[in-house]
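Dumped coords32.txt below, it's compact mmCIF, C-alpha atoms:
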```txt
# COMPACT_ATOMS: atom_id res chain seq x y z
CA MET A 27 0.00 0.00 0.00
CA ALA A 28 2.81 2.44 0.90
CA ARG A 29 4.54 1.83 -2.45
CA TRP A 30 1.24 2.41 -4.29
CA LEU A 31 0.62 5.67 -2.42
CA ARG A 32 4.13 6.92 -3.26
CA CYS A 33 3.59 6.11 -6.94
CA VAL A 34 0.24 7.95 -6.96
CA ALA A 35 1.72 10.98 -5.20
CA GLY A 36 4.64 11.09 -7.60
CA ALA A 37 2.39 10.75 -10.64
CA LEU A 38 0.16 13.58 -9.44
CA LEU A 39 3.21 15.79 -8.96
CA LEU A 40 4.37 15.10 -12.50
CA LEU A 41 0.92 15.81 -13.90
CA GLU A 42 1.09 19.40 -12.68
CA GLY A 43 1.48 21.42 -15.85
CA ALA A 44 2.84 18.52 -17.94
CA ALA A 45 4.10 19.84 -21.24
CA ALA A 46 2.58 18.90 -24.59
CA LEU A 47 5.09 16.69 -26.39
CA SER A 48 5.34 15.43 -29.96
CA PHE A 49 4.95 11.67 -30.34
CA LEU A 50 6.86 10.74 -33.47
CA HIS A 51 9.53 8.28 -34.54
CA HIS A 52 12.84 10.08 -34.94
CA ARG A 53 15.41 9.12 -37.57
CA TYR A 54 19.04 9.88 -36.74
CA GLU A 55 19.06 13.49 -37.97
CA GLU A 56 15.77 14.17 -36.20
CA LEU A 57 17.08 12.59 -33.00
CA VAL A 58 20.13 14.86 -33.08
CA GLN A 59 17.93 17.89 -33.67
CA ALA A 60 15.67 16.93 -30.76
CA LEU A 61 18.64 16.61 -28.39
CA PHE A 62 20.12 19.95 -29.40
CA ARG A 63 16.68 21.57 -29.12
CA VAL A 64 16.45 20.44 -25.50
CA GLN A 65 19.97 21.67 -24.84
CA SER A 66 19.12 25.09 -26.29
CA GLN A 67 15.96 25.31 -24.16
CA CYS A 68 17.76 24.38 -20.93
CA PRO A 69 21.36 25.51 -21.53
CA TYR A 70 22.28 25.96 -17.88
CA VAL A 71 21.41 22.42 -16.77
CA THR A 72 22.24 20.36 -19.88
CA ARG A 73 25.23 19.31 -21.95
CA ILE A 74 25.51 17.18 -25.10
CA TYR A 75 28.57 15.03 -25.68
CA SER A 76 29.49 12.09 -27.90
CA ILE A 77 31.15 8.96 -26.52
CA GLY A 78 32.22 7.78 -29.98
CA ARG A 79 30.86 6.74 -33.35
CA SER A 80 29.02 3.75 -34.76
CA VAL A 81 30.36 1.51 -37.52
CA GLU A 82 28.84 3.85 -40.12
CA GLY A 83 30.14 6.97 -38.40
CA ARG A 84 27.04 8.18 -36.52
CA HIS A 85 27.71 9.85 -33.19
CA LEU A 86 26.65 8.09 -30.00
CA TYR A 87 25.24 11.18 -28.32
CA VAL A 88 24.52 11.59 -24.62
CA LEU A 89 22.43 14.36 -23.09
CA GLU A 90 23.45 15.23 -19.54
CA PHE A 91 21.26 16.93 -16.93
CA SER A 92 22.96 18.55 -13.93
CA ASP A 93 23.07 21.85 -12.10
CA HIS A 94 26.77 21.89 -13.06
CA PRO A 95 26.90 20.19 -16.50
CA GLY A 96 30.22 18.59 -17.34
CA ILE A 97 31.42 18.51 -13.74
CA HIS A 98 31.32 15.69 -11.22
CA GLU A 99 30.38 17.13 -7.85
CA PRO A 100 31.58 15.11 -4.85
CA LEU A 101 28.77 13.07 -3.26
CA GLU A 102 26.46 13.64 -6.26
CA PRO A 103 25.73 10.25 -7.87
CA GLU A 104 26.01 9.56 -11.60
CA PHE A 105 23.03 7.87 -13.32
CA LYS A 106 22.55 6.68 -16.91
CA TYR A 107 19.83 5.47 -19.28
CA VAL A 108 20.78 3.67 -22.51
CA GLY A 109 18.22 3.04 -25.25
CA ASN A 110 18.01 1.35 -28.65
CA MET A 111 20.85 -1.13 -28.05
CA HIS A 112 18.99 -3.37 -30.47
CA GLY A 113 18.26 -1.17 -33.48
CA ASN A 114 14.74 -2.50 -34.05
CA GLU A 115 13.66 -2.09 -30.41
CA VAL A 116 12.71 1.54 -30.68
CA LEU A 117 10.33 2.42 -27.84
CA GLY A 118 13.17 3.10 -25.39
CA ARG A 119 14.73 5.50 -27.91
CA GLU A 120 11.52 7.52 -28.15
CA LEU A 121 10.85 7.38 -24.40
CA LEU A 122 14.29 8.80 -23.63
CA LEU A 123 13.72 11.66 -26.04
CA GLN A 124 10.38 12.30 -24.35
CA LEU A 125 12.04 12.11 -20.94
CA SER A 126 14.68 14.63 -22.02
CA GLU A 127 12.04 17.12 -23.17
CA PHE A 128 10.00 16.47 -20.04
CA LEU A 129 12.89 17.06 -17.60
CA CYS A 130 13.79 20.30 -19.36
CA GLU A 131 10.24 21.61 -19.52
CA GLU A 132 9.40 20.72 -15.91
CA TYR A 133 12.64 22.26 -14.70
CA ARG A 134 11.73 25.48 -16.48
CA ARG A 135 8.27 25.34 -14.90
CA GLY A 136 9.81 25.05 -11.45
CA ASN A 137 8.55 21.53 -10.71
CA GLU A 138 10.01 20.94 -7.24
CA ARG A 139 10.54 17.21 -7.68
CA ILE A 140 12.32 17.53 -11.04
CA THR A 141 14.37 20.51 -9.87
CA ARG A 142 15.59 18.58 -6.84
CA LEU A 143 16.38 15.55 -9.00
CA ILE A 144 18.51 17.57 -11.43
CA HIS A 145 20.28 19.46 -8.64
CA ASP A 146 21.09 16.29 -6.67
CA THR A 147 21.88 13.89 -9.54
CA ARG A 148 24.05 13.89 -12.63
CA ILE A 149 21.80 12.22 -15.23
CA HIS A 150 23.17 10.88 -18.53
CA ILE A 151 20.70 9.90 -21.27
CA MET A 152 21.80 8.01 -24.41
CA PRO A 153 18.73 7.54 -26.63
CA SER A 154 20.47 5.26 -29.13
CA MET A 155 23.44 2.94 -28.72
CA ASN A 156 22.81 1.42 -32.16
CA PRO A 157 21.85 4.21 -34.58
CA ASP A 158 22.95 2.17 -37.62
CA GLY A 159 20.63 -0.71 -36.78
CA TYR A 160 17.80 1.72 -36.16
CA GLU A 161 18.10 3.16 -39.66
CA VAL A 162 17.78 -0.33 -41.15
CA ALA A 163 14.68 -1.02 -39.04
CA ALA A 164 13.17 2.41 -39.73
CA LYS A 165 13.35 1.88 -43.50
CA GLN A 166 10.96 -1.05 -43.03
CA GLY A 167 8.72 0.97 -40.72
CA PRO A 168 6.46 -0.28 -37.93
CA ASP A 169 3.98 -2.02 -40.23
CA SER A 170 6.35 -4.38 -42.04
CA ASN A 171 9.31 -4.55 -39.69
CA GLY A 172 10.77 -8.03 -39.24
CA TYR A 173 11.39 -9.38 -35.77
CA LEU A 174 15.17 -9.23 -36.30
CA THR A 175 15.43 -6.52 -38.97
CA GLY A 176 17.93 -3.94 -37.74
CA ARG A 177 18.55 -5.72 -34.45
CA ASN A 178 22.33 -5.92 -34.94
CA ASN A 179 24.83 -3.19 -35.73
CA ALA A 180 26.17 -2.53 -39.25
CA ASN A 181 28.65 -5.40 -38.88
CA GLY A 182 25.81 -7.81 -38.10
CA VAL A 183 26.77 -8.15 -34.43
CA ASP A 184 24.32 -8.27 -31.51
CA LEU A 185 25.69 -5.62 -29.15
CA ASN A 186 24.11 -7.31 -26.13
CA ARG A 187 26.26 -10.38 -26.83
CA ASN A 188 29.44 -8.41 -27.42
CA PHE A 189 30.83 -7.39 -24.02
CA PRO A 190 33.78 -9.27 -22.49
CA ASP A 191 32.59 -12.43 -20.75
CA LEU A 192 33.44 -11.66 -17.13
CA ASN A 193 30.81 -14.09 -15.82
CA THR A 194 32.86 -17.14 -16.80
CA PHE A 195 35.91 -15.75 -15.01
CA MET A 196 33.77 -14.88 -11.99
CA TYR A 197 32.20 -18.35 -11.78
CA TYR A 198 35.64 -19.96 -12.03
CA SER A 199 37.24 -17.60 -9.53
CA GLY A 200 34.29 -18.15 -7.18
CA GLU A 201 35.41 -21.73 -6.77
CA ILE A 202 38.72 -20.46 -5.43
CA SER A 203 37.25 -17.53 -3.47
CA GLY A 204 38.03 -15.00 -6.17
CA PRO A 205 36.34 -11.60 -6.66
CA ASN A 206 33.00 -10.89 -8.31
CA HIS A 207 33.64 -7.18 -8.66
CA HIS A 208 36.05 -5.02 -10.65
CA ILE A 209 37.20 -8.04 -12.62
CA PRO A 210 40.00 -7.00 -15.01
CA LEU A 211 39.44 -7.16 -18.75
CA PRO A 212 41.31 -9.71 -20.89
CA ASP A 213 44.41 -8.35 -22.64
CA ASN A 214 42.91 -8.61 -26.14
CA TRP A 215 39.43 -7.31 -25.32
CA LYS A 216 39.51 -4.33 -27.69
CA SER A 217 39.96 -6.60 -30.70
CA GLN A 218 36.88 -8.61 -29.73
CA VAL A 219 34.28 -5.83 -29.44
CA GLU A 220 32.43 -3.58 -31.87
CA PRO A 221 32.97 0.21 -32.06
CA GLU A 222 29.70 0.87 -30.19
CA THR A 223 30.64 -1.59 -27.44
CA LEU A 224 34.14 -0.15 -27.17
CA ALA A 225 32.71 3.35 -26.83
CA VAL A 226 30.35 2.28 -24.04
CA ILE A 227 33.09 0.43 -22.13
CA GLN A 228 35.35 3.47 -22.28
CA TRP A 229 32.40 5.66 -21.25
CA ILE A 230 31.53 3.66 -18.16
CA SER A 231 35.21 3.41 -17.28
CA GLY A 232 35.46 7.21 -17.26
CA TYR A 233 32.37 7.95 -15.13
CA ASN A 234 31.65 6.52 -11.70
CA PHE A 235 28.10 5.45 -12.52
CA VAL A 236 26.04 4.19 -9.61
CA LEU A 237 22.75 3.08 -11.21
CA SER A 238 21.62 2.42 -14.75
CA ALA A 239 18.97 0.85 -16.97
CA ASN A 240 19.08 -0.16 -20.60
CA LEU A 241 15.79 -0.08 -22.49
CA HIS A 242 14.70 -2.91 -24.78
CA GLY A 243 11.50 -4.26 -26.35
CA GLY A 244 9.77 -7.52 -27.24
CA ALA A 245 8.42 -8.21 -23.74
CA VAL A 246 7.20 -6.24 -20.72
CA VAL A 247 9.32 -6.99 -17.65
CA ALA A 248 12.12 -5.54 -15.51
CA ASN A 249 15.07 -7.91 -15.73
CA TYR A 250 18.00 -7.94 -13.29
CA PRO A 251 21.40 -9.76 -13.03
CA TYR A 252 22.77 -12.23 -13.42
CA ASP A 253 21.84 -12.77 -17.04
CA LYS A 254 24.21 -15.71 -17.45
CA SER A 255 23.72 -18.98 -15.62
CA GLN A 256 26.64 -20.59 -13.82
CA ASP A 257 25.68 -24.01 -15.17
CA GLN A 258 27.90 -24.35 -18.25
CA ARG A 259 26.72 -27.85 -19.14
CA PHE A 260 23.61 -26.54 -20.81
CA ARG A 261 24.16 -24.49 -23.94
CA SER A 262 20.53 -23.75 -24.83
CA HIS A 263 19.77 -20.04 -24.37
CA ARG A 264 16.33 -21.03 -23.10
CA ARG A 265 17.77 -22.90 -20.13
CA THR A 266 16.25 -21.35 -16.99
CA VAL A 267 18.36 -21.41 -13.84
CA ASN A 268 17.88 -18.67 -11.25
CA THR A 269 21.31 -17.08 -10.79
CA PRO A 270 21.26 -14.33 -8.17
CA THR A 271 23.97 -11.79 -7.42
CA PRO A 272 25.09 -11.04 -3.84
CA ASP A 273 22.79 -8.00 -4.16
CA ASP A 274 19.75 -10.02 -5.25
CA LYS A 275 17.26 -8.47 -2.82
CA LEU A 276 18.42 -4.97 -3.76
CA PHE A 277 18.09 -5.75 -7.47
CA GLN A 278 14.58 -7.08 -6.90
CA LYS A 279 13.67 -3.84 -5.16
CA LEU A 280 15.10 -1.76 -8.00
CA ALA A 281 13.19 -3.79 -10.59
CA LYS A 282 9.95 -3.54 -8.61
CA THR A 283 10.37 0.22 -8.34
CA TYR A 284 10.08 0.44 -12.11
CA SER A 285 7.49 -2.30 -12.47
CA TYR A 286 5.03 -0.89 -9.92
CA ALA A 287 5.42 2.67 -11.17
CA HIS A 288 4.68 1.46 -14.72
CA GLY A 289 1.14 1.43 -16.04
CA TRP A 290 0.81 -2.36 -16.28
CA MET A 291 4.19 -4.09 -16.01
CA HIS A 292 3.56 -5.11 -12.39
CA ARG A 293 0.45 -7.10 -13.34
CA GLY A 294 2.69 -9.86 -14.63
CA TRP A 295 0.66 -11.04 -17.62
CA ASN A 296 2.05 -9.36 -20.75
CA CYS A 297 2.87 -10.50 -24.28
CA GLY A 298 1.74 -14.04 -23.49
CA ASP A 299 4.27 -14.38 -20.63
CA TYR A 300 3.83 -14.19 -16.88
CA PHE A 301 6.40 -12.66 -14.53
CA ALA A 302 5.43 -12.29 -10.87
CA ASP A 303 5.47 -8.58 -9.94
CA GLY A 304 6.60 -7.86 -13.50
CA ILE A 305 10.24 -8.69 -12.73
CA THR A 306 12.63 -11.56 -13.41
CA ASN A 307 16.16 -12.70 -12.78
CA GLY A 308 17.83 -12.76 -16.19
CA ALA A 309 19.14 -16.33 -16.11
CA SER A 310 15.84 -17.49 -14.65
CA TRP A 311 14.22 -16.27 -17.86
CA TYR A 312 17.00 -17.60 -20.11
CA SER A 313 20.78 -17.56 -19.94
CA LEU A 314 22.51 -14.79 -21.89
CA SER A 315 26.29 -14.50 -22.34
CA LYS A 316 28.33 -11.31 -22.77
CA GLY A 317 25.44 -9.00 -21.88
CA MET A 318 25.76 -5.36 -20.85
CA GLN A 319 24.02 -5.46 -17.45
CA ASP A 320 26.22 -8.24 -16.06
CA PHE A 321 29.30 -6.43 -17.41
CA ASN A 322 28.33 -3.25 -15.53
CA TYR A 323 28.01 -5.16 -12.25
CA LEU A 324 31.20 -7.19 -12.62
CA TYR A 325 33.50 -4.49 -14.02
CA THR A 326 32.28 -1.20 -12.53
CA ASN A 327 30.47 0.22 -9.50
CA CYS A 328 27.24 0.44 -11.51
CA PHE A 329 24.08 -1.54 -10.77
CA GLU A 330 22.20 -1.98 -14.05
CA ILE A 331 18.88 -3.59 -14.95
CA THR A 332 17.29 -4.26 -18.35
CA LEU A 333 13.81 -2.90 -19.04
CA GLU A 334 11.69 -4.72 -21.62
CA LEU A 335 9.01 -2.15 -22.41
CA SER A 336 6.69 -3.31 -25.18
CA CYS A 337 5.38 -6.45 -26.86
CA ASN A 338 5.76 -4.70 -30.22
CA LYS A 339 9.40 -3.87 -30.84
CA PHE A 340 8.53 -1.07 -33.28
CA PRO A 341 5.16 0.28 -32.09
CA PRO A 342 3.20 2.62 -34.38
CA GLU A 343 3.31 6.34 -33.69
CA GLU A 344 -0.29 6.38 -32.49
CA ASP A 345 0.77 4.13 -29.57
CA LEU A 346 3.69 6.30 -28.42
CA GLU A 347 1.68 8.68 -26.25
CA ARG A 348 0.02 5.81 -24.36
CA GLN A 349 3.42 4.21 -23.82
CA TRP A 350 4.89 7.49 -22.58
CA MET A 351 2.10 7.92 -20.05
CA ALA A 352 2.67 4.35 -18.85
CA ASN A 353 6.43 4.85 -18.42
CA ARG A 354 6.81 8.50 -17.37
CA GLU A 355 6.51 8.05 -13.62
CA ALA A 356 8.58 4.85 -13.72
CA LEU A 357 11.43 6.56 -15.56
CA VAL A 358 11.60 9.32 -12.96
CA ALA A 359 11.09 7.02 -9.95
CA PHE A 360 13.92 4.75 -11.08
CA ILE A 361 16.36 7.68 -11.28
CA GLU A 362 15.43 8.55 -7.70
CA GLU A 363 16.54 5.07 -6.60
CA VAL A 364 20.16 6.22 -6.98
CA HIS A 365 19.64 8.10 -3.70
CA GLN A 366 19.63 5.21 -1.23
CA GLY A 367 22.12 3.21 0.82
CA ILE A 368 25.29 4.95 1.95
CA LYS A 369 27.71 7.44 0.46
CA GLY A 370 30.65 9.41 1.73
CA MET A 371 34.27 10.49 1.35
CA VAL A 372 37.38 8.40 1.83
CA THR A 373 40.25 10.71 2.78
CA ASP A 374 43.71 10.57 4.27
CA GLU A 375 44.79 12.35 7.46
CA ASN A 376 45.22 15.57 5.50
CA ASN A 377 41.66 15.38 4.12
CA ASN A 378 42.85 14.52 0.63
CA GLY A 379 40.51 12.20 -1.24
CA ILE A 380 41.71 8.65 -1.81
CA ALA A 381 40.76 7.27 -5.22
CA GLY A 382 40.20 3.55 -5.67
CA ALA A 383 39.56 2.81 -2.00
CA VAL A 384 37.59 -0.41 -1.56
CA ILE A 385 34.26 -0.25 0.30
CA SER A 386 33.23 -3.65 1.69
CA VAL A 387 29.92 -4.43 3.37
CA GLU A 388 29.95 -7.34 5.79
CA GLY A 389 27.68 -10.13 4.58
CA ILE A 390 27.52 -8.91 0.95
CA SER A 391 30.41 -10.22 -1.13
CA HIS A 392 30.47 -7.42 -3.69
CA ASP A 393 32.62 -4.33 -3.19
CA VAL A 394 32.58 -0.86 -4.72
CA THR A 395 35.44 1.61 -5.01
CA SER A 396 35.79 5.35 -4.46
CA GLY A 397 35.99 7.69 -7.42
CA ALA A 398 38.74 10.07 -8.48
CA MET A 399 37.80 12.60 -5.77
CA GLY A 400 37.53 9.98 -3.03
CA ASP A 401 33.73 9.88 -2.92
CA TYR A 402 31.89 6.56 -3.00
CA PHE A 403 28.30 5.36 -3.33
CA ARG A 404 26.99 2.00 -2.14
CA LEU A 405 23.34 1.14 -2.84
CA LEU A 406 21.82 -0.77 0.08
CA LEU A 407 18.41 -1.70 1.42
CA PRO A 408 17.32 -0.28 4.80
CA GLY A 409 19.11 -1.98 7.67
CA THR A 410 22.22 -1.89 9.86
CA TYR A 411 25.56 -2.62 8.22
CA THR A 412 29.22 -3.00 9.12
CA VAL A 413 31.27 -1.26 6.44
CA THR A 414 35.03 -1.26 5.89
CA ALA A 415 37.10 1.12 3.77
CA SER A 416 40.59 0.02 2.75
CA ALA A 417 43.29 1.25 0.41
CA GLU A 418 46.84 0.20 -0.35
CA GLY A 419 49.26 1.88 2.01
CA TYR A 420 46.60 2.73 4.60
CA GLN A 421 45.15 1.08 7.65
CA PRO A 422 41.57 -0.07 7.01
CA GLN A 423 38.73 1.51 8.96
CA THR A 424 35.47 -0.20 9.93
CA LEU A 425 32.25 1.59 10.90
CA THR A 426 28.70 0.52 11.68
CA THR A 427 25.80 2.48 10.20
CA THR A 428 22.04 2.28 9.86
CA VAL A 429 20.38 2.90 6.51
CA GLY A 430 16.85 4.25 6.44
CA PRO A 431 14.25 4.34 3.66
CA ALA A 432 14.26 8.10 3.11
CA GLY A 433 17.68 8.69 1.59
CA PRO A 434 21.37 7.77 1.75
CA SER A 435 23.29 7.80 5.01
CA LEU A 436 26.54 9.76 5.05
CA VAL A 437 29.45 7.57 6.16
CA HIS A 438 32.90 9.16 5.86
CA PHE A 439 36.21 7.36 6.31
CA GLN A 440 39.58 8.89 7.20
CA LEU A 441 42.38 6.37 6.74
CA LYS A 442 45.74 6.48 8.49
CA GLN A 443 48.87 5.56 6.65
CA ASP A 444 50.51 2.25 7.43
CA VAL A 445 53.64 2.69 9.51
CA VAL A 446 56.53 0.78 7.96
CA ARG A 447 59.07 -0.01 10.62
CA LYS A 448 62.71 -0.42 9.74
CA PRO A 449 64.30 -3.69 10.87
CA PRO A 450 66.89 -3.35 13.63
CA GLU A 451 70.50 -2.92 12.57
CA ARG A 452 72.82 -5.88 13.03
CA LYS A 453 76.52 -5.24 13.71
CA ALA A 454 79.23 -7.84 13.43
CA SER A 455 82.24 -7.55 15.76
CA GLY A 456 85.04 -5.55 14.17
CA THR A 457 83.00 -5.07 10.97
CA ARG A 458 81.50 -1.86 9.63
CA THR A 459 77.76 -2.16 9.17
CA ASN A 460 76.27 -1.44 5.73
CA ASN A 461 72.77 -0.32 6.71
CA LYS A 462 71.46 -0.24 3.16
CA ALA A 463 72.56 -3.76 2.46
CA LEU A 464 71.01 -5.10 5.62
CA GLN A 465 67.65 -3.39 5.29
CA LYS A 466 65.04 -5.53 3.66
CA LYS A 467 62.49 -3.99 1.34
CA VAL A 468 59.16 -3.83 3.13
CA VAL A 469 56.03 -3.70 0.99
CA PRO A 470 52.87 -2.21 2.54
CA ARG A 471 50.18 -4.79 3.10
CA ALA A 472 47.48 -5.08 0.49
CA THR A 473 44.23 -4.20 2.15
CA ARG A 474 41.77 -5.17 -0.59
CA ARG A 475 39.84 -8.39 -0.03
CA GLY A 476 40.09 -10.77 -2.06
CA THR A 477 12.43 -11.79 -27.17
CA GLN A 478 15.91 -11.83 -26.72
CA ARG A 479 17.50 -9.25 -24.57
```

How does the structure come out when it is put into structure tokens?
Amino acid sequence: MARWLRCVAGALLLLEGAAALSFLHHRYEELVQALFRVQSQCPYVTRIYSIGRSVEGRHLYVLEFSDHPGIHEPLEPEFKYVGNMHGNEVLGRELLLQLSEFLCEEYRRGNERITRLIHDTRIHIMPSMNPDGYEVAAKQGPDSNGYLTGRNNANGVDLNRNFPDLNTFMYYSGEISGPNHHIPLPDNWKSQVEPETLAVIQWISGYNFVLSANLHGGAVVANYPYDKSQDQRFRSHRRTVNTPTPDDKLFQKLAKTYSYAHGWMHRGWNCGDYFADGITNGASWYSLSKGMQDFNYLYTNCFEITLELSCNKFPPEEDLERQWMANREALVAFIEEVHQGIKGMVTDENNNGIAGAVISVEGISHDVTSGAMGDYFRLLLPGTYTVTASAEGYQPQTLTTTVGPAGPSLVHFQLKQDVVRKPPERKASGTRTNNKALQKKVVPRATRRGTQR
């Protein structure tokens, strides 16, 4: 009941003075024009940048919303939406354009909720990760579009099967108590990925994203990691084996936030499928290798889910307004989920930020790290936690904190340097001591613990 009341209250707030928007399919040039139109209407809280180009040379544009565009502010979390990863799954592309116009217009109107969201969050919106595939699908149009037409990029590669396979390494290392976070990439990874995938990997390596969703079509469900099953004996992609992450309950909560704020996703029955609460574990649906959401979780600090938003991958224009109304509150509510758990600064004794410090939560075997300025963000459900911050060359610090439902708890760490003691000098009778020769090199202790989507 409480969740339902929050959704109703949020929806009513968004309805206040909602702007009239155009509901059209946008080809590449029209998409670019729409993004730059938003930027011109809200120049002080937006920025457009490109993370790279597609196979055919189209820019992969991102529209950023922030009260200080282009600048990471300490303790302000980074959020991203990615649409149109599969070129023929177009609803997410149009919804993100609508969301961009909506955020700008409501900010200009003084909508308190949207203003607070933009001031407290750095929001990155990429309407299309696969603009080349979209153009192939758009030539067919919504009436005669094939189920796979335009799905892949211009090289014929499915971008959601193109990220480095960190799951296999994680499942193997798990047998020997290895990490399931910040897993290093293989040496030859750049030669194995497409230009669009390479651009996204470099993008998420350069920003300390905390929460994300990528928008797909062909079903109606909120899907969360892991996508790939640990059971390697079965090769069929329809094999269903529930494969939870250490943050499974948190991921379920994130998925339900979108599902219950959506017009009908939470009902479960959609497109001939049934998903309780409108959510599913990815591998429980079917196992998927080299997907983007698992890669985010295993390589970065980012928690990502996949949103399947429509039975029809390329819905007609007359259905776009209904779909926008069904998704508007959910899109905003999911961004707000970035403000939960704990966050804080990791500094040294001189209050200098420590980058790359490891934040470990007792009982949850998945760590996050601090960003370049020393700030960190750890999404958590309400409860009491024992948290440790550690960094090479420093003594670890452990604190206990309670997380509430209203917002993130501030938990700061100040780490003291390890004291490296010199070994005592040894003198032989009648012999001059060579201190340098007798001193052994002491290395500071390492403190880090070890529908197709």

Residues near Thr395 (chain A), cut-off 10 Å, only C-alpha atoms, skip fewer than 6 positions along chain, as a PyMOL selection string: chain A and resi 207-208+234+326-327+372+380-386+401-404+415-417

task: Provide the CA of Pro100 (chain A) to CA of Ile230 (chain A) distance in Å, to one decimal place.
output: 17.6 Å

query: Within 8 Å of (28.0, -21.0, -13.6), all atoms listed in the file: residues as a PyMOL selection string?
result: chain A and resi 193-194+197-198+254-258

Any chance you could work out the axis-aligned box around region 358-364 of chain A, listed atoms only, 8 Å on each side, giving centre and edge lengths in Å to one decimal, as lines of an AutoDock Vina configuration file?
```
center_x = 15.6
center_y = 7.0
center_z = -9.8
size_x = 25.1
size_y = 20.6
size_z = 22.4
```

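When CA of Pro153 (chain A) is paired with CA of Asn322 (chain A), their separation reads 18.2 Å.
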
field: Atomic distance CA of Gln59 (chain A) - CA of Leu121 (chain A), expressed in Å with one decimal
entry: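 Going from CA of Gln59 (chain A) over to CA of Leu121 (chain A), I get 15.7 Å.
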
- request: Name all residues at most 7 Å from region 363-370 of chain A (count all atoms listed in the file; drop same-chain ones fewer than 6 positions away) and give them as a count of residues only.
  value: 18

Compile the contact shell of Ala356 (chain A) as a JSON list (two decimals) with C-alpha atoms, in the frame of the given file: residues with an atom at most 12 Å away, counting all atoms listed in the file, same-chain residues fewer than 3 positions apart removed.
```json
[["chain", "number", "residue", "atom", "x", "y", "z"],
["A", 32, "ARG", "CA", 4.13, 6.92, -3.26],
["A", 33, "CYS", "CA", 3.59, 6.11, -6.94],
["A", 34, "VAL", "CA", 0.24, 7.95, -6.96],
["A", 36, "GLY", "CA", 4.64, 11.09, -7.60],
["A", 37, "ALA", "CA", 2.39, 10.75, -10.64],
["A", 40, "LEU", "CA", 4.37, 15.10, -12.50],
["A", 121, "LEU", "CA", 10.85, 7.38, -24.40],
["A", 125, "LEU", "CA", 12.04, 12.11, -20.94],
["A", 239, "ALA", "CA", 18.97, 0.85, -16.97],
["A", 248, "ALA", "CA", 12.12, -5.54, -15.51],
["A", 280, "LEU", "CA", 15.10, -1.76, -8.00],
["A", 281, "ALA", "CA", 13.19, -3.79, -10.59],
["A", 282, "LYS", "CA", 9.95, -3.54, -8.61],
["A", 283, "THR", "CA", 10.37, 0.22, -8.34],
["A", 284, "TYR", "CA", 10.08, 0.44, -12.11],
["A", 285, "SER", "CA", 7.49, -2.30, -12.47],
["A", 286, "TYR", "CA", 5.03, -0.89, -9.92],
["A", 287, "ALA", "CA", 5.42, 2.67, -11.17],
["A", 288, "HIS", "CA", 4.68, 1.46, -14.72],
["A", 289, "GLY", "CA", 1.14, 1.43, -16.04],
["A", 290, "TRP", "CA", 0.81, -2.36, -16.28],
["A", 291, "MET", "CA", 4.19, -4.09, -16.01],
["A", 292, "HIS", "CA", 3.56, -5.11, -12.39],
["A", 333, "LEU", "CA", 13.81, -2.90, -19.04],
["A", 335, "LEU", "CA", 9.01, -2.15, -22.41],
["A", 349, "GLN", "CA", 3.42, 4.21, -23.82],
["A", 350, "TRP", "CA", 4.89, 7.49, -22.58],
["A", 351, "MET", "CA", 2.10, 7.92, -20.05],
["A", 352, "ALA", "CA", 2.67, 4.35, -18.85],
["A", 353, "ASN", "CA", 6.43, 4.85, -18.42],
["A", 359, "ALA", "CA", 11.09, 7.02, -9.95],
["A", 360, "PHE", "CA", 13.92, 4.75, -11.08],
["A", 361, "ILE", "CA", 16.36, 7.68, -11.28],
["A", 362, "GLU", "CA", 15.43, 8.55, -7.70],
["A", 363, "GLU", "CA", 16.54, 5.07, -6.60]]
```
